[in-house]
Amino acid sequence: SGHTMNAILLLTALLVIPAGFLIVIGDELDPLEEVQGMVTRNAKKSGDRTQLRARLEELGRTSEREYVDFRIKQYGYCAAAAALSFTVVLLLTQSIFMSLLSAVLLGFVVYILLDRELTKNVKKRRELIESEFPAVLEILTLAISAGETPMSAMLRIAESADGLLAREFQIVVAGVRSGLPLNETLDAMGRRVKSVMIRRFVDALVTATLRGAPL
């Protein structure tokens, strides 16, 4: 029918426009690199209203590169979902309005799903750390009671224990070895792991380290 033909012509035009763009820029520029560079710049400029950096840091992904990579993943998945939705709905309904609406809605849904998946992973990691806490606390307390310093006790945990909390102690030990004060590395751990239980433990450990108070 005429509507179907119009839809096919529109889709053809949508494919021809990028092809013409590639012909215009010629061989001097790599289109994939140009697109990736543009997305990277937008990712760096985008706001962080959803506390994305803080959630990534809690998962141990602290670098700017990892933040940008996640933003690129979000934008890429949303764009792909929107393009697919636009194409399918246009072929089925021959309606530009419905195609655009479905593309926007599906892109938004994909964005939300990726964000919620990240939050779910953060919550799962936090719960795992809290489940490991009693055993680690017992090792730490016994070591300090036996005369070891908090630093040597944490080093023992970092080298011998397994699990996410032991990895956090590895970060603390590495920070101290690089020249940072122990209380600062412990405080950073407390801010990194968004757990009230771990925060209280870190505060007690910092106090014991600075003032020689019992743990």
# chains A, B, ... in the order shown; residues from 1 in each chain; ligands from 1
$ residues_around --residues "range 162-177 of chain A" --least-positions-apart "3" --cutoff "9 Å" --atoms "only C-alpha atoms" --output "PDB file with N, CA and C atoms, in the first residue's frame"
ATOM      1  N   ARG A 125      26.684  -6.415  46.734  1.00  0.00           N
ATOM      2  CA  ARG A 125      28.060  -6.366  47.234  1.00  0.00           C
ATOM      3  C   ARG A 125      28.086  -5.913  48.696  1.00  0.00           C
ATOM      4  N   LEU A 128      27.075  -8.757  50.918  1.00  0.00           N
ATOM      5  CA  LEU A 128      28.144  -9.743  51.037  1.00  0.00           C
ATOM      6  C   LEU A 128      29.213  -9.281  52.029  1.00  0.00           C
ATOM      7  N   ILE A 129      29.570  -8.001  51.945  1.00  0.00           N
ATOM      8  CA  ILE A 129      30.574  -7.450  52.864  1.00  0.00           C
ATOM      9  C   ILE A 129      30.077  -7.542  54.297  1.00  0.00           C
ATOM     10  N   GLU A 130      28.812  -7.195  54.521  1.00  0.00           N
ATOM     11  CA  GLU A 130      28.264  -7.240  55.881  1.00  0.00           C
ATOM     12  C   GLU A 130      28.174  -8.672  56.406  1.00  0.00           C
ATOM     13  N   GLU A 132      30.346 -10.959  55.708  1.00  0.00           N
ATOM     14  CA  GLU A 132      31.721 -11.349  56.014  1.00  0.00           C
ATOM     15  C   GLU A 132      32.252 -10.639  57.270  1.00  0.00           C
ATOM     16  N   PHE A 133      31.568  -9.586  57.670  1.00  0.00           N
ATOM     17  CA  PHE A 133      32.093  -8.721  58.736  1.00  0.00           C
ATOM     18  C   PHE A 133      32.341  -9.439  60.062  1.00  0.00           C
ATOM     19  N   VAL A 136      35.642 -11.448  60.007  1.00  0.00           N
ATOM     20  CA  VAL A 136      36.808 -10.570  59.891  1.00  0.00           C
ATOM     21  C   VAL A 136      37.043  -9.818  61.194  1.00  0.00           C
ATOM     22  N   MET A 151      47.451  -2.069  62.262  1.00  0.00           N
ATOM     23  CA  MET A 151      47.976  -2.163  60.899  1.00  0.00           C
ATOM     24  C   MET A 151      48.433  -3.593  60.576  1.00  0.00           C
ATOM     25  N   MET A 154      45.406  -5.827  60.185  1.00  0.00           N
ATOM     26  CA  MET A 154      44.756  -5.647  58.883  1.00  0.00           C
ATOM     27  C   MET A 154      45.589  -6.276  57.774  1.00  0.00           C
ATOM     28  N   LEU A 155      46.903  -6.196  57.900  1.00  0.00           N
ATOM     29  CA  LEU A 155      47.781  -6.822  56.916  1.00  0.00           C
ATOM     30  C   LEU A 155      47.586  -8.342  56.913  1.00  0.00           C
ATOM     31  N   ILE A 157      44.835  -9.923  57.690  1.00  0.00           N
ATOM     32  CA  ILE A 157      43.548 -10.188  57.032  1.00  0.00           C
ATOM     33  C   ILE A 157      43.673 -10.040  55.525  1.00  0.00           C
ATOM     34  N   ALA A 158      44.361  -8.977  55.101  1.00  0.00           N
ATOM     35  CA  ALA A 158      44.508  -8.715  53.665  1.00  0.00           C
ATOM     36  C   ALA A 158      45.247  -9.839  52.953  1.00  0.00           C
ATOM     37  N   GLU A 159      46.220 -10.460  53.649  1.00  0.00           N
ATOM     38  CA  GLU A 159      47.048 -11.487  53.009  1.00  0.00           C
ATOM     39  C   GLU A 159      46.471 -12.891  53.127  1.00  0.00           C
ATOM     40  N   LEU A 180      50.132   7.191  52.602  1.00  0.00           N
ATOM     41  CA  LEU A 180      48.967   7.836  53.203  1.00  0.00           C
ATOM     42  C   LEU A 180      48.828   7.436  54.671  1.00  0.00           C
ATOM     43  N   PRO A 181      48.327   8.342  55.517  1.00  0.00           N
ATOM     44  CA  PRO A 181      48.085   7.981  56.921  1.00  0.00           C
ATOM     45  C   PRO A 181      47.023   6.882  57.029  1.00  0.00           C
ATOM     46  N   LEU A 182      47.169   6.015  58.022  1.00  0.00           N
ATOM     47  CA  LEU A 182      46.248   4.902  58.193  1.00  0.00           C
ATOM     48  C   LEU A 182      44.819   5.384  58.407  1.00  0.00           C
ATOM     49  N   GLU A 184      43.381   8.004  57.294  1.00  0.00           N
ATOM     50  CA  GLU A 184      42.791   8.488  56.051  1.00  0.00           C
ATOM     51  C   GLU A 184      42.349   7.347  55.145  1.00  0.00           C
ATOM     52  N   THR A 185      43.165   6.308  55.068  1.00  0.00           N
ATOM     53  CA  THR A 185      42.798   5.166  54.227  1.00  0.00           C
ATOM     54  C   THR A 185      41.600   4.420  54.815  1.00  0.00           C
ATOM     55  N   LEU A 186      41.539   4.359  56.160  1.00  0.00           N
ATOM     56  CA  LEU A 186      40.381   3.728  56.792  1.00  0.00           C
ATOM     57  C   LEU A 186      39.115   4.553  56.561  1.00  0.00           C
ATOM     58  N   ALA A 188      38.539   6.505  54.068  1.00  0.00           N
ATOM     59  CA  ALA A 188      38.162   6.320  52.665  1.00  0.00           C
ATOM     60  C   ALA A 188      37.416   5.007  52.469  1.00  0.00           C
ATOM     61  N   MET A 189      37.823   3.980  53.188  1.00  0.00           N
ATOM     62  CA  MET A 189      37.129   2.689  53.132  1.00  0.00           C
ATOM     63  C   MET A 189      35.702   2.836  53.647  1.00  0.00           C
ATOM     64  N   VAL A 193      32.438   2.040  51.202  1.00  0.00           N
ATOM     65  CA  VAL A 193      31.439   1.009  51.495  1.00  0.00           C
ATOM     66  C   VAL A 193      30.278   1.680  52.230  1.00  0.00           C
TER      67      VAL A 193
END
$ residues_around --residues "Arg126 in chain A" --least-positions-apart "4" --cutoff "9 Å" --atoms "only C-alpha atoms" --output "MDAnalysis selection string"
chainID A and resid 58 121:122 130:131 193:195
$ atom_distance --atom1 "CA of Ala208 in chain A" --atom2 "CA of Pro150 in chain A"
8.2 Å
$ atom_distance --atom1 "CA of Leu210 in chain A" --atom2 "CA of Pro134 in chain A"
23.2 Å
$ residues_around --residues "Leu100 in chain A" --least-positions-apart "5" --cutoff "12 Å" --atoms "only C-alpha atoms" --output "list of chain:residue names"
A:Ala81, A:Ala82, A:Ala83, A:Leu84, A:Ser85, A:Phe86, A:Thr87, A:Val88, A:Val89, A:Leu90, A:Thr93, A:Gln94, A:Ser95, A:Leu105, A:Leu106, A:Gly107
$ write_last_selection --atoms "N, CA, C and O atoms" --output "tab-separated table (two decimals), in the first residue's frame"
chain	number	residue	atom	x	y	z
A	81	ALA	N	18.32	0.52	21.25
A	81	ALA	CA	16.94	0.14	21.54
A	81	ALA	C	15.96	1.11	20.88
A	81	ALA	O	14.94	0.70	20.32
A	82	ALA	N	16.28	2.40	20.95
A	82	ALA	CA	15.41	3.41	20.34
A	82	ALA	C	15.35	3.24	18.82
A	82	ALA	O	14.28	3.33	18.21
A	83	ALA	N	16.50	2.99	18.20
A	83	ALA	CA	16.54	2.82	16.74
A	83	ALA	C	15.75	1.58	16.31
A	83	ALA	O	15.00	1.61	15.33
A	84	LEU	N	15.92	0.49	17.05
A	84	LEU	CA	15.19	-0.74	16.73
A	84	LEU	C	13.69	-0.53	16.89
A	84	LEU	O	12.90	-0.95	16.03
A	85	SER	N	13.30	0.13	17.99
A	85	SER	CA	11.88	0.37	18.24
A	85	SER	C	11.29	1.27	17.14
A	85	SER	O	10.19	1.00	16.64
A	86	PHE	N	12.02	2.31	16.78
A	86	PHE	CA	11.54	3.22	15.74
A	86	PHE	C	11.31	2.48	14.43
A	86	PHE	O	10.28	2.64	13.78
A	87	THR	N	12.25	1.63	14.05
A	87	THR	CA	12.15	0.89	12.79
A	87	THR	C	10.98	-0.07	12.78
A	87	THR	O	10.18	-0.10	11.84
A	88	VAL	N	10.85	-0.86	13.85
A	88	VAL	CA	9.80	-1.87	13.90
A	88	VAL	C	8.42	-1.22	13.92
A	88	VAL	O	7.52	-1.61	13.17
A	89	VAL	N	8.24	-0.20	14.78
A	89	VAL	CA	6.94	0.45	14.89
A	89	VAL	C	6.58	1.18	13.59
A	89	VAL	O	5.42	1.19	13.17
A	90	LEU	N	7.57	1.76	12.95
A	90	LEU	CA	7.30	2.45	11.68
A	90	LEU	C	6.81	1.48	10.61
A	90	LEU	O	5.88	1.77	9.86
A	93	THR	N	3.14	0.38	11.82
A	93	THR	CA	2.06	1.37	11.92
A	93	THR	C	2.12	2.47	10.86
A	93	THR	O	1.14	3.17	10.65
A	94	GLN	N	3.28	2.63	10.20
A	94	GLN	CA	3.49	3.72	9.25
A	94	GLN	C	3.21	5.09	9.87
A	94	GLN	O	2.77	6.02	9.19
A	95	SER	N	3.42	5.18	11.18
A	95	SER	CA	3.17	6.44	11.89
A	95	SER	C	4.48	6.97	12.46
A	95	SER	O	5.11	6.33	13.31
A	105	LEU	N	10.33	6.08	24.55
A	105	LEU	CA	9.93	5.30	25.71
A	105	LEU	C	10.86	4.11	25.94
A	105	LEU	O	11.29	3.85	27.07
A	106	LEU	N	11.18	3.38	24.86
A	106	LEU	CA	12.05	2.21	25.02
A	106	LEU	C	13.46	2.63	25.42
A	106	LEU	O	14.11	1.97	26.26
A	107	GLY	N	13.97	3.72	24.84
A	107	GLY	CA	15.28	4.22	25.23
A	107	GLY	C	15.32	4.57	26.71
A	107	GLY	O	16.28	4.25	27.42
$ atom_distance --atom1 "CA of Lys73 in chain A" --atom2 "CA of Tyr111 in chain A"
9.6 Å
